[in-house]
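Next up, model-v2.cif (mmCIF, C-alpha atoms; chains and numbers go by the auth columns):
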data_structure
loop_
_atom_site.group_PDB
_atom_site.id
_atom_site.type_symbol
_atom_site.label_atom_id
_atom_site.label_comp_id
_atom_site.label_asym_id
_atom_site.label_seq_id
_atom_site.Cartn_x
_atom_site.Cartn_y
_atom_site.Cartn_z
_atom_site.B_iso_or_equiv
_atom_site.auth_seq_id
_atom_site.auth_asym_id
ATOM 1 C CA MET A 1 -69.024 -40.771 20.218 0.00 777 Z
ATOM 2 C CA THR A 2 -69.921 -37.186 19.427 0.00 778 Z
ATOM 3 C CA THR A 3 -71.584 -35.028 22.050 0.00 779 Z
ATOM 4 C CA HIS A 4 -75.068 -34.045 20.912 0.00 780 Z
ATOM 5 C CA LEU A 5 -77.103 -31.000 21.970 0.00 781 Z
ATOM 6 C CA LEU A 6 -80.822 -30.511 21.439 0.00 782 Z
ATOM 7 C CA ILE A 7 -82.200 -26.980 21.263 0.00 783 Z
ATOM 8 C CA ILE A 8 -85.964 -26.744 21.684 0.00 784 Z
ATOM 9 C CA ASN A 9 -87.928 -23.587 20.933 0.00 785 Z
ATOM 10 C CA GLY A 10 -91.487 -23.089 22.098 0.00 786 Z
ATOM 11 C CA PRO A 11 -94.562 -21.324 20.759 0.00 787 Z
ATOM 12 C CA ASN A 12 -94.406 -18.192 18.628 0.00 788 Z
ATOM 13 C CA LEU A 13 -90.615 -18.256 18.378 0.00 789 Z
ATOM 14 C CA ASN A 14 -91.072 -19.088 14.691 0.00 790 Z
ATOM 15 C CA LEU A 15 -92.169 -15.440 14.390 0.00 791 Z
ATOM 16 C CA LEU A 16 -89.036 -13.902 15.916 0.00 792 Z
ATOM 17 C CA GLY A 17 -87.994 -10.796 14.052 0.00 793 Z
ATOM 18 C CA VAL A 18 -91.639 -9.886 13.464 0.00 794 Z
ATOM 19 C CA ARG A 19 -93.240 -10.529 16.860 0.00 795 Z
ATOM 20 C CA GLU A 20 -92.816 -7.706 19.373 0.00 796 Z
ATOM 21 C CA PRO A 21 -89.372 -6.584 18.145 0.00 797 Z
ATOM 22 C CA HIS A 22 -89.248 -4.006 20.971 0.00 798 Z
ATOM 23 C CA ILE A 23 -88.984 -6.995 23.356 0.00 799 Z
ATOM 24 C CA TYR A 24 -87.344 -9.752 21.273 0.00 800 Z
ATOM 25 C CA GLY A 25 -85.391 -7.771 18.662 0.00 801 Z
ATOM 26 C CA HIS A 26 -85.228 -8.262 14.905 0.00 802 Z
ATOM 27 C CA THR A 27 -83.208 -11.488 14.768 0.00 803 Z
ATOM 28 C CA THR A 28 -85.141 -14.389 13.245 0.00 804 Z
ATOM 29 C CA LEU A 29 -85.204 -17.946 14.544 0.00 805 Z
ATOM 30 C CA ALA A 30 -83.469 -19.054 11.336 0.00 806 Z
ATOM 31 C CA GLU A 31 -80.626 -16.637 12.097 0.00 807 Z
ATOM 32 C CA ILE A 32 -80.357 -17.947 15.665 0.00 808 Z
ATOM 33 C CA GLN A 33 -80.280 -21.494 14.283 0.00 809 Z
ATOM 34 C CA GLY A 34 -77.398 -20.469 12.026 0.00 810 Z
ATOM 35 C CA TYR A 35 -75.457 -18.956 14.944 0.00 811 Z
ATOM 36 C CA CYS A 36 -76.021 -22.113 16.990 0.00 812 Z
ATOM 37 C CA ALA A 37 -74.973 -24.371 14.098 0.00 813 Z
ATOM 38 C CA ASP A 38 -71.769 -22.352 13.648 0.00 814 Z
ATOM 39 C CA PHE A 39 -70.986 -22.597 17.368 0.00 815 Z
ATOM 40 C CA ALA A 40 -71.741 -26.340 17.420 0.00 816 Z
ATOM 41 C CA LYS A 41 -69.384 -26.861 14.488 0.00 817 Z
ATOM 42 C CA ARG A 42 -66.650 -24.921 16.278 0.00 818 Z
ATOM 43 C CA MET A 43 -67.227 -27.001 19.416 0.00 819 Z
ATOM 44 C CA LYS A 44 -67.277 -30.212 17.326 0.00 820 Z
ATOM 45 C CA VAL A 45 -70.677 -31.296 18.670 0.00 821 Z
ATOM 46 C CA GLY A 46 -73.863 -32.464 17.006 0.00 822 Z
ATOM 47 C CA LEU A 47 -76.883 -30.194 17.089 0.00 823 Z
ATOM 48 C CA ASP A 48 -80.600 -30.690 16.607 0.00 824 Z
ATOM 49 C CA PHE A 49 -82.499 -27.369 16.525 0.00 825 Z
ATOM 50 C CA ARG A 50 -86.282 -27.610 16.738 0.00 826 Z
ATOM 51 C CA GLN A 51 -89.383 -25.466 17.268 0.00 827 Z
ATOM 52 C CA SER A 52 -93.003 -26.273 18.017 0.00 828 Z
ATOM 53 C CA ASN A 53 -96.109 -24.344 18.917 0.00 829 Z
ATOM 54 C CA HIS A 54 -97.580 -27.490 20.505 0.00 830 Z
ATOM 55 C CA GLU A 55 -96.991 -28.504 24.111 0.00 831 Z
ATOM 56 C CA GLY A 56 -97.317 -32.253 23.490 0.00 832 Z
ATOM 57 C CA GLU A 57 -94.741 -32.126 20.687 0.00 833 Z
ATOM 58 C CA ILE A 58 -92.294 -30.416 23.026 0.00 834 Z
ATOM 59 C CA VAL A 59 -92.912 -33.103 25.662 0.00 835 Z
ATOM 60 C CA ASP A 60 -92.247 -35.737 22.966 0.00 836 Z
ATOM 61 C CA MET A 61 -88.983 -33.988 21.985 0.00 837 Z
ATOM 62 C CA ILE A 62 -87.778 -34.024 25.593 0.00 838 Z
ATOM 63 C CA GLN A 63 -88.723 -37.663 26.103 0.00 839 Z
ATOM 64 C CA GLN A 64 -87.023 -38.719 22.847 0.00 840 Z
ATOM 65 C CA ALA A 65 -83.905 -36.772 23.842 0.00 841 Z
ATOM 66 C CA ARG A 66 -83.323 -39.234 26.685 0.00 842 Z
ATOM 67 C CA GLY A 67 -81.861 -41.589 24.091 0.00 843 Z
ATOM 68 C CA SER A 68 -80.256 -39.133 21.706 0.00 844 Z
ATOM 69 C CA ALA A 69 -79.043 -35.928 23.401 0.00 845 Z
ATOM 70 C CA ASP A 70 -76.372 -35.262 26.002 0.00 846 Z
ATOM 71 C CA ALA A 71 -77.974 -31.953 27.028 0.00 847 Z
ATOM 72 C CA ILE A 72 -80.950 -29.747 26.205 0.00 848 Z
ATOM 73 C CA VAL A 73 -81.082 -26.003 25.723 0.00 849 Z
ATOM 74 C CA ILE A 74 -84.721 -24.922 25.807 0.00 850 Z
ATOM 75 C CA ASN A 75 -86.503 -21.649 25.193 0.00 851 Z
ATOM 76 C CA PRO A 76 -89.974 -22.710 26.283 0.00 852 Z
ATOM 77 C CA ALA A 77 -91.423 -19.269 25.509 0.00 853 Z
ATOM 78 C CA GLY A 78 -95.011 -18.951 26.778 0.00 854 Z
ATOM 79 C CA TYR A 79 -94.991 -22.493 28.154 0.00 855 Z
ATOM 80 C CA SER A 80 -92.443 -21.335 30.747 0.00 856 Z
ATOM 81 C CA PHE A 81 -95.262 -19.898 32.786 0.00 857 Z
ATOM 82 C CA THR A 82 -97.934 -22.565 32.344 0.00 858 Z
ATOM 83 C CA SER A 83 -96.707 -26.057 31.483 0.00 859 Z
ATOM 84 C CA VAL A 84 -96.688 -28.736 34.148 0.00 860 Z
ATOM 85 C CA ALA A 85 -96.344 -31.341 31.363 0.00 861 Z
ATOM 86 C CA ILE A 86 -93.059 -29.851 30.113 0.00 862 Z
ATOM 87 C CA TYR A 87 -91.885 -29.435 33.716 0.00 863 Z
ATOM 88 C CA ASP A 88 -92.492 -33.139 34.387 0.00 864 Z
ATOM 89 C CA ALA A 89 -90.729 -34.171 31.148 0.00 865 Z
ATOM 90 C CA LEU A 90 -87.680 -32.038 32.000 0.00 866 Z
ATOM 91 C CA LYS A 91 -87.440 -33.648 35.439 0.00 867 Z
ATOM 92 C CA ILE A 92 -87.137 -37.061 33.758 0.00 868 Z
ATOM 93 C CA PHE A 93 -84.228 -35.939 31.515 0.00 869 Z
ATOM 94 C CA GLU A 94 -81.122 -36.911 33.505 0.00 870 Z
ATOM 95 C CA ALA A 95 -78.560 -34.579 31.956 0.00 871 Z
ATOM 96 C CA PRO A 96 -77.981 -30.813 31.832 0.00 872 Z
ATOM 97 C CA VAL A 97 -80.908 -28.640 30.782 0.00 873 Z
ATOM 98 C CA ILE A 98 -80.385 -24.930 30.239 0.00 874 Z
ATOM 99 C CA GLU A 99 -83.462 -22.689 30.062 0.00 875 Z
ATOM 100 C CA VAL A 100 -82.976 -19.665 27.798 0.00 876 Z
ATOM 101 C CA HIS A 101 -85.083 -16.528 27.456 0.00 877 Z
ATOM 102 C CA ILE A 102 -84.270 -13.800 24.939 0.00 878 Z
ATOM 103 C CA SER A 103 -85.769 -11.091 27.142 0.00 879 Z
ATOM 104 C CA ASN A 104 -85.077 -10.477 30.814 0.00 880 Z
ATOM 105 C CA ILE A 105 -88.189 -12.151 32.198 0.00 881 Z
ATOM 106 C CA HIS A 106 -87.483 -10.711 35.659 0.00 882 Z
ATOM 107 C CA ALA A 107 -87.993 -7.186 34.314 0.00 883 Z
ATOM 108 C CA ARG A 108 -91.271 -8.000 32.550 0.00 884 Z
ATOM 109 C CA ASP A 109 -94.889 -7.886 33.613 0.00 885 Z
ATOM 110 C CA GLU A 110 -96.098 -10.193 36.375 0.00 886 Z
ATOM 111 C CA MET A 111 -97.417 -12.844 33.961 0.00 887 Z
ATOM 112 C CA HIS A 112 -93.987 -13.200 32.274 0.00 888 Z
ATOM 113 C CA ARG A 113 -91.809 -13.002 35.373 0.00 889 Z
ATOM 114 C CA HIS A 114 -91.868 -16.458 36.997 0.00 890 Z
ATOM 115 C CA SER A 115 -90.989 -19.546 34.979 0.00 891 Z
ATOM 116 C CA LYS A 116 -92.479 -22.736 36.407 0.00 892 Z
ATOM 117 C CA LEU A 117 -89.853 -24.695 34.464 0.00 893 Z
ATOM 118 C CA SER A 118 -86.833 -23.129 36.166 0.00 894 Z
ATOM 119 C CA ALA A 119 -87.177 -25.525 39.109 0.00 895 Z
ATOM 120 C CA ALA A 120 -86.595 -28.489 36.752 0.00 896 Z
ATOM 121 C CA VAL A 121 -83.500 -27.205 34.921 0.00 897 Z
ATOM 122 C CA SER A 122 -79.775 -26.968 35.620 0.00 898 Z
ATOM 123 C CA GLY A 123 -79.477 -23.269 34.825 0.00 899 Z
ATOM 124 C CA VAL A 124 -81.362 -20.259 33.482 0.00 900 Z
ATOM 125 C CA ILE A 125 -80.104 -17.584 31.108 0.00 901 Z
ATOM 126 C CA CYS A 126 -82.246 -14.558 30.351 0.00 902 Z
ATOM 127 C CA GLY A 127 -81.932 -11.092 28.922 0.00 903 Z
ATOM 128 C CA LEU A 128 -78.944 -11.703 26.631 0.00 904 Z
ATOM 129 C CA GLY A 129 -80.967 -11.678 23.417 0.00 905 Z
ATOM 130 C CA PRO A 130 -80.035 -14.297 20.814 0.00 906 Z
ATOM 131 C CA PHE A 131 -76.561 -14.591 22.375 0.00 907 Z
ATOM 132 C CA GLY A 132 -78.238 -16.395 25.277 0.00 908 Z
ATOM 133 C CA TYR A 133 -78.483 -19.497 23.092 0.00 909 Z
ATOM 134 C CA ILE A 134 -74.696 -19.556 22.613 0.00 910 Z
ATOM 135 C CA VAL A 135 -74.137 -19.030 26.331 0.00 911 Z
ATOM 136 C CA GLY A 136 -76.621 -21.835 26.989 0.00 912 Z
ATOM 137 C CA MET A 137 -74.750 -24.172 24.662 0.00 913 Z
ATOM 138 C CA GLN A 138 -71.453 -23.258 26.293 0.00 914 Z
ATOM 139 C CA ALA A 139 -72.908 -23.809 29.773 0.00 915 Z
ATOM 140 C CA ALA A 140 -74.289 -27.231 28.794 0.00 916 Z
ATOM 141 C CA LEU A 141 -70.942 -28.289 27.309 0.00 917 Z
ATOM 142 C CA SER A 142 -69.124 -27.036 30.392 0.00 918 Z
ATOM 143 C CA MET A 143 -71.449 -29.068 32.645 0.00 919 Z
ATOM 144 C CA LEU A 144 -70.693 -32.109 30.501 0.00 920 Z
ATOM 145 C CA ASN A 145 -66.957 -31.313 30.653 0.00 921 Z
ATOM 146 C CA LYS A 146 -66.994 -31.301 26.842 0.00 922 Z
ATOM 147 C CA LEU A 147 -65.602 -27.875 25.945 0.00 923 Z
ATOM 148 C CA PRO A 148 -62.701 -28.305 23.507 0.00 924 Z
ATOM 149 C CA ALA A 149 -59.237 -27.966 24.998 0.00 925 Z
ATOM 150 C CA ASP A 150 -58.545 -24.944 22.759 0.00 926 Z
ATOM 151 C CA PHE A 151 -61.686 -23.098 23.906 0.00 927 Z
ATOM 152 C CA PRO A 152 -60.651 -20.035 25.912 0.00 928 Z
ATOM 153 C CA ALA A 153 -61.203 -20.853 29.569 0.00 929 Z
ATOM 154 C CA THR A 154 -62.841 -18.201 31.719 0.00 930 Z
ATOM 155 C CA LEU A 155 -62.916 -20.488 34.762 0.00 931 Z
ATOM 156 C CA PRO A 156 -60.667 -23.368 35.801 0.00 932 Z
ATOM 157 C CA ARG A 157 -61.530 -26.565 33.933 0.00 933 Z
ATOM 158 C CA LYS A 158 -62.690 -29.623 35.814 0.00 934 Z
ATOM 159 C CA LYS A 159 -60.108 -32.336 36.097 0.00 935 Z
ATOM 160 C CA LYS A 160 -61.091 -35.480 34.242 0.00 936 Z
#

Let me see the structure of the file written as structure tokens.
Amino acid sequence: MTTHLLIINGPNLNLLGVREPHIYGHTTLAEIQGYCADFAKRMKVGLDFRQSNHEGEIVDMIQQARGSADAIVINPAGYSFTSVAIYDALKIFEAPVIEVHISNIHARDEMHRHSKLSAAVSGVICGLGPFGYIVGMQAALSMLNKLPADFPATLPRKKK
């Protein structure tokens, strides 16, 4: 059975490359999806890459992932700071969840500094730009002990 990752993107990320490029850069979500698809292919894992501007749809994605994904990488965007519904859904998902932020939220204004969702996830990556998605995928696969044997190890591998 193939390992399967779900990447969820929250509101306004469909406008990456146009929206506040001084914060988020010029890379589009389609380009990030391409980078993630290339990495997934190299890692020999399945990938579902999704985006929604609607909180309930994101909750539905997380709930549905319980039967289809081995791990979630999520950039909840603005919902990071407001969504109890997404927080509760993430707590129900019983596998690795990596929260990704393109910007360094800890260096931002007070409203964008404290993610409510971080308490419900396995790890948080922020400030690495689009590369954070690849690091998130790698972290999820490492937590699952599913990195390919030929992937360069930076830390000792877990014994099976």

Residues within 7 Å of Ser898 of chain Z, all atoms listed in the file, excluding chain neighbours under 3 positions, as number ranges by chain: Z: 872-874

Check which residues of segment 894-928 of chain Z sit at most 10 Å from segment 818-839 of chain Z using all atoms listed in the file, and return one row each with the closest pair of atoms and their distance in Å to one decimal, ordered by chain and rising number, as JSON lines.
{"residue": "Z:Met913", "atom": "CA", "partner": "Z:Met819", "partner_atom": "CA", "distance": 9.6}
{"residue": "Z:Gln914", "atom": "CA", "partner": "Z:Met819", "partner_atom": "CA", "distance": 8.9}
{"residue": "Z:Leu917", "atom": "CA", "partner": "Z:Met819", "partner_atom": "CA", "distance": 8.8}
{"residue": "Z:Lys922", "atom": "CA", "partner": "Z:Met819", "partner_atom": "CA", "distance": 8.6}
{"residue": "Z:Leu923", "atom": "CA", "partner": "Z:Met819", "partner_atom": "CA", "distance": 6.8}
{"residue": "Z:Pro924", "atom": "CA", "partner": "Z:Met819", "partner_atom": "CA", "distance": 6.2}
{"residue": "Z:Ala925", "atom": "CA", "partner": "Z:Met819", "partner_atom": "CA", "distance": 9.8}
{"residue": "Z:Asp926", "atom": "CA", "partner": "Z:Met819", "partner_atom": "CA", "distance": 9.5}
{"residue": "Z:Phe927", "atom": "CA", "partner": "Z:Met819", "partner_atom": "CA", "distance": 8.1}

Please indicate the distance in Å from atom CA of Cys812 of chain Z to atom CA of Ile910 of chain Z, rounded to one decimal place.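 Taking atom CA of Cys812 of chain Z as the start and atom CA of Ile910 of chain Z as the end point, the length is 6.3 Å.
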
From the list Z:Leu920, Z:Ala865, Z:Ser856, Z:Glu870, which residue is nearest Gly843 of chain Z when using all atoms listed in the file? Z:Glu870

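Under the PyMOL selection byres ((chain Z and resi 844) around 9), the matching residues in the shown file are His780, Leu781, Leu782, Gln840, Ala841, Arg842, Gly843, Ala845 and Asp846 of chain Z.
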
Could you dump the residues just selected with C-alpha atoms as a CSV table (one decimal), in the frame of the given file?
chain,number,residue,atom,x,y,z
Z,780,HIS,CA,-75.1,-34.0,20.9
Z,781,LEU,CA,-77.1,-31.0,22.0
Z,782,LEU,CA,-80.8,-30.5,21.4
Z,840,GLN,CA,-87.0,-38.7,22.8
Z,841,ALA,CA,-83.9,-36.8,23.8
Z,842,ARG,CA,-83.3,-39.2,26.7
Z,843,GLY,CA,-81.9,-41.6,24.1
Z,845,ALA,CA,-79.0,-35.9,23.4
Z,846,ASP,CA,-76.4,-35.3,26.0

One number please: atom CA of Gly801 of chain Z to atom CA of Glu875 of chain Z, in Å, one decimal. 18.9 Å

When you look at Pro906 of chain Z with a cut-off of 8 Å (counting only C-alpha atoms), what residues show up, excluding the ones that are within fewer than 3 positions of it in the same chain? I need them as a VMD selection string. chain Z and resid 803 808 878 909 to 910

Counting only C-alpha atoms, which residues of segment 845-889 of chain Z sit at most 12 Å from some atom of segment 789-794 of chain Z, and what is each one's closest atom pair with its distance in Å to one decimal, listed by chain and rising residue number, as JSON lines?
{"residue": "Z:Ile850", "atom": "CA", "partner": "Z:Leu789", "partner_atom": "CA", "distance": 11.6}
{"residue": "Z:Asn851", "atom": "CA", "partner": "Z:Leu789", "partner_atom": "CA", "distance": 8.7}
{"residue": "Z:Pro852", "atom": "CA", "partner": "Z:Leu789", "partner_atom": "CA", "distance": 9.1}
{"residue": "Z:Ala853", "atom": "CA", "partner": "Z:Leu789", "partner_atom": "CA", "distance": 7.2}
{"residue": "Z:Gly854", "atom": "CA", "partner": "Z:Leu789", "partner_atom": "CA", "distance": 9.5}
{"residue": "Z:Tyr855", "atom": "CA", "partner": "Z:Leu789", "partner_atom": "CA", "distance": 11.5}
{"residue": "Z:His877", "atom": "CA", "partner": "Z:Leu789", "partner_atom": "CA", "distance": 10.8}
{"residue": "Z:Ile878", "atom": "CA", "partner": "Z:Leu789", "partner_atom": "CA", "distance": 10.2}

Please dump the current selection as a PDB file, keeping the file's coordinate frame; keep C-alpha atoms.
ATOM      1  CA  ILE Z 850     -84.721 -24.922  25.807  1.00  0.00           C
ATOM      2  CA  ASN Z 851     -86.503 -21.649  25.193  1.00  0.00           C
ATOM      3  CA  PRO Z 852     -89.974 -22.710  26.283  1.00  0.00           C
ATOM      4  CA  ALA Z 853     -91.423 -19.269  25.509  1.00  0.00           C
ATOM      5  CA  GLY Z 854     -95.011 -18.951  26.778  1.00  0.00           C
ATOM      6  CA  TYR Z 855     -94.991 -22.493  28.154  1.00  0.00           C
ATOM      7  CA  HIS Z 877     -85.083 -16.528  27.456  1.00  0.00           C
ATOM      8  CA  ILE Z 878     -84.270 -13.800  24.939  1.00  0.00           C
TER       9      ILE Z 878
END

To one decimal place in Å, what is the distance between atom CA of Leu904 of chain Z and atom CA of Thr858 of chain Z? 22.6 Å

Report the centre and edge lengths, in Å to one decimal, of an axis-aligned box enclosing every atom of segment 892-911 of chain Z listed in the file, padded by 8 Å on each side, as lines of an AutoDock Vina configuration file.
center_x = -83.3
center_y = -19.8
center_z = 30.0
size_x = 34.3
size_y = 33.4
size_z = 34.3

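Here the question is which of Z:Ile784, Z:Ala806, Z:Ile799, Z:Ile862 gets nearest to Val876 of chain Z using all atoms listed in the file, and that residue is Z:Ile784.
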
Please write N, CA and C atoms of segment 907-924 of chain Z, from the structure given just now, as a PDB file, in the first residue's frame.
ATOM      1  N   PHE Z 907       9.499  26.493   0.344  1.00  0.00           N
ATOM      2  CA  PHE Z 907      10.275  25.314   0.716  1.00  0.00           C
ATOM      3  C   PHE Z 907       9.718  24.659   1.978  1.00  0.00           C
ATOM      4  N   GLY Z 908       9.000  25.413   2.795  1.00  0.00           N
ATOM      5  CA  GLY Z 908       8.406  24.860   4.002  1.00  0.00           C
ATOM      6  C   GLY Z 908       7.480  23.693   3.724  1.00  0.00           C
ATOM      7  N   TYR Z 909       6.829  23.706   2.557  1.00  0.00           N
ATOM      8  CA  TYR Z 909       5.956  22.584   2.191  1.00  0.00           C
ATOM      9  C   TYR Z 909       6.772  21.301   2.018  1.00  0.00           C
ATOM     10  N   ILE Z 910       7.932  21.415   1.369  1.00  0.00           N
ATOM     11  CA  ILE Z 910       8.782  20.237   1.151  1.00  0.00           C
ATOM     12  C   ILE Z 910       9.319  19.733   2.487  1.00  0.00           C
ATOM     13  N   VAL Z 911       9.729  20.644   3.348  1.00  0.00           N
ATOM     14  CA  VAL Z 911      10.201  20.256   4.673  1.00  0.00           C
ATOM     15  C   VAL Z 911       9.061  19.605   5.453  1.00  0.00           C
ATOM     16  N   GLY Z 912       7.854  20.126   5.309  1.00  0.00           N
ATOM     17  CA  GLY Z 912       6.698  19.535   5.969  1.00  0.00           C
ATOM     18  C   GLY Z 912       6.420  18.121   5.488  1.00  0.00           C
ATOM     19  N   MET Z 913       6.518  17.919   4.182  1.00  0.00           N
ATOM     20  CA  MET Z 913       6.330  16.580   3.624  1.00  0.00           C
ATOM     21  C   MET Z 913       7.401  15.634   4.151  1.00  0.00           C
ATOM     22  N   GLN Z 914       8.642  16.099   4.150  1.00  0.00           N
ATOM     23  CA  GLN Z 914       9.739  15.269   4.639  1.00  0.00           C
ATOM     24  C   GLN Z 914       9.537  14.937   6.110  1.00  0.00           C
ATOM     25  N   ALA Z 915       9.118  15.906   6.911  1.00  0.00           N
ATOM     26  CA  ALA Z 915       8.899  15.665   8.336  1.00  0.00           C
ATOM     27  C   ALA Z 915       7.789  14.632   8.538  1.00  0.00           C
ATOM     28  N   ALA Z 916       6.695  14.766   7.791  1.00  0.00           N
ATOM     29  CA  ALA Z 916       5.590  13.809   7.916  1.00  0.00           C
ATOM     30  C   ALA Z 916       6.054  12.403   7.561  1.00  0.00           C
ATOM     31  N   LEU Z 917       6.799  12.274   6.463  1.00  0.00           N
ATOM     32  CA  LEU Z 917       7.292  10.954   6.051  1.00  0.00           C
ATOM     33  C   LEU Z 917       8.277  10.387   7.071  1.00  0.00           C
ATOM     34  N   SER Z 918       9.085  11.247   7.649  1.00  0.00           N
ATOM     35  CA  SER Z 918      10.014  10.791   8.686  1.00  0.00           C
ATOM     36  C   SER Z 918       9.242  10.283   9.899  1.00  0.00           C
ATOM     37  N   MET Z 919       8.200  10.996  10.309  1.00  0.00           N
ATOM     38  CA  MET Z 919       7.387  10.562  11.452  1.00  0.00           C
ATOM     39  C   MET Z 919       6.700   9.230  11.184  1.00  0.00           C
ATOM     40  N   LEU Z 920       6.386   8.990   9.922  1.00  0.00           N
ATOM     41  CA  LEU Z 920       5.761   7.724   9.525  1.00  0.00           C
ATOM     42  C   LEU Z 920       6.791   6.620   9.283  1.00  0.00           C
ATOM     43  N   ASN Z 921       8.079   6.990   9.366  1.00  0.00           N
ATOM     44  CA  ASN Z 921       9.173   6.077   9.029  1.00  0.00           C
ATOM     45  C   ASN Z 921       9.038   5.579   7.592  1.00  0.00           C
ATOM     46  N   LYS Z 922       8.720   6.509   6.683  1.00  0.00           N
ATOM     47  CA  LYS Z 922       8.468   6.168   5.286  1.00  0.00           C
ATOM     48  C   LYS Z 922       9.388   6.897   4.314  1.00  0.00           C
ATOM     49  N   LEU Z 923      10.488   7.469   4.790  1.00  0.00           N
ATOM     50  CA  LEU Z 923      11.451   8.049   3.858  1.00  0.00           C
ATOM     51  C   LEU Z 923      12.143   6.910   3.116  1.00  0.00           C
ATOM     52  N   PRO Z 924      12.341   7.043   1.818  1.00  0.00           N
ATOM     53  CA  PRO Z 924      13.013   5.979   1.062  1.00  0.00           C
ATOM     54  C   PRO Z 924      14.421   5.719   1.598  1.00  0.00           C
TER      55      PRO Z 924
END
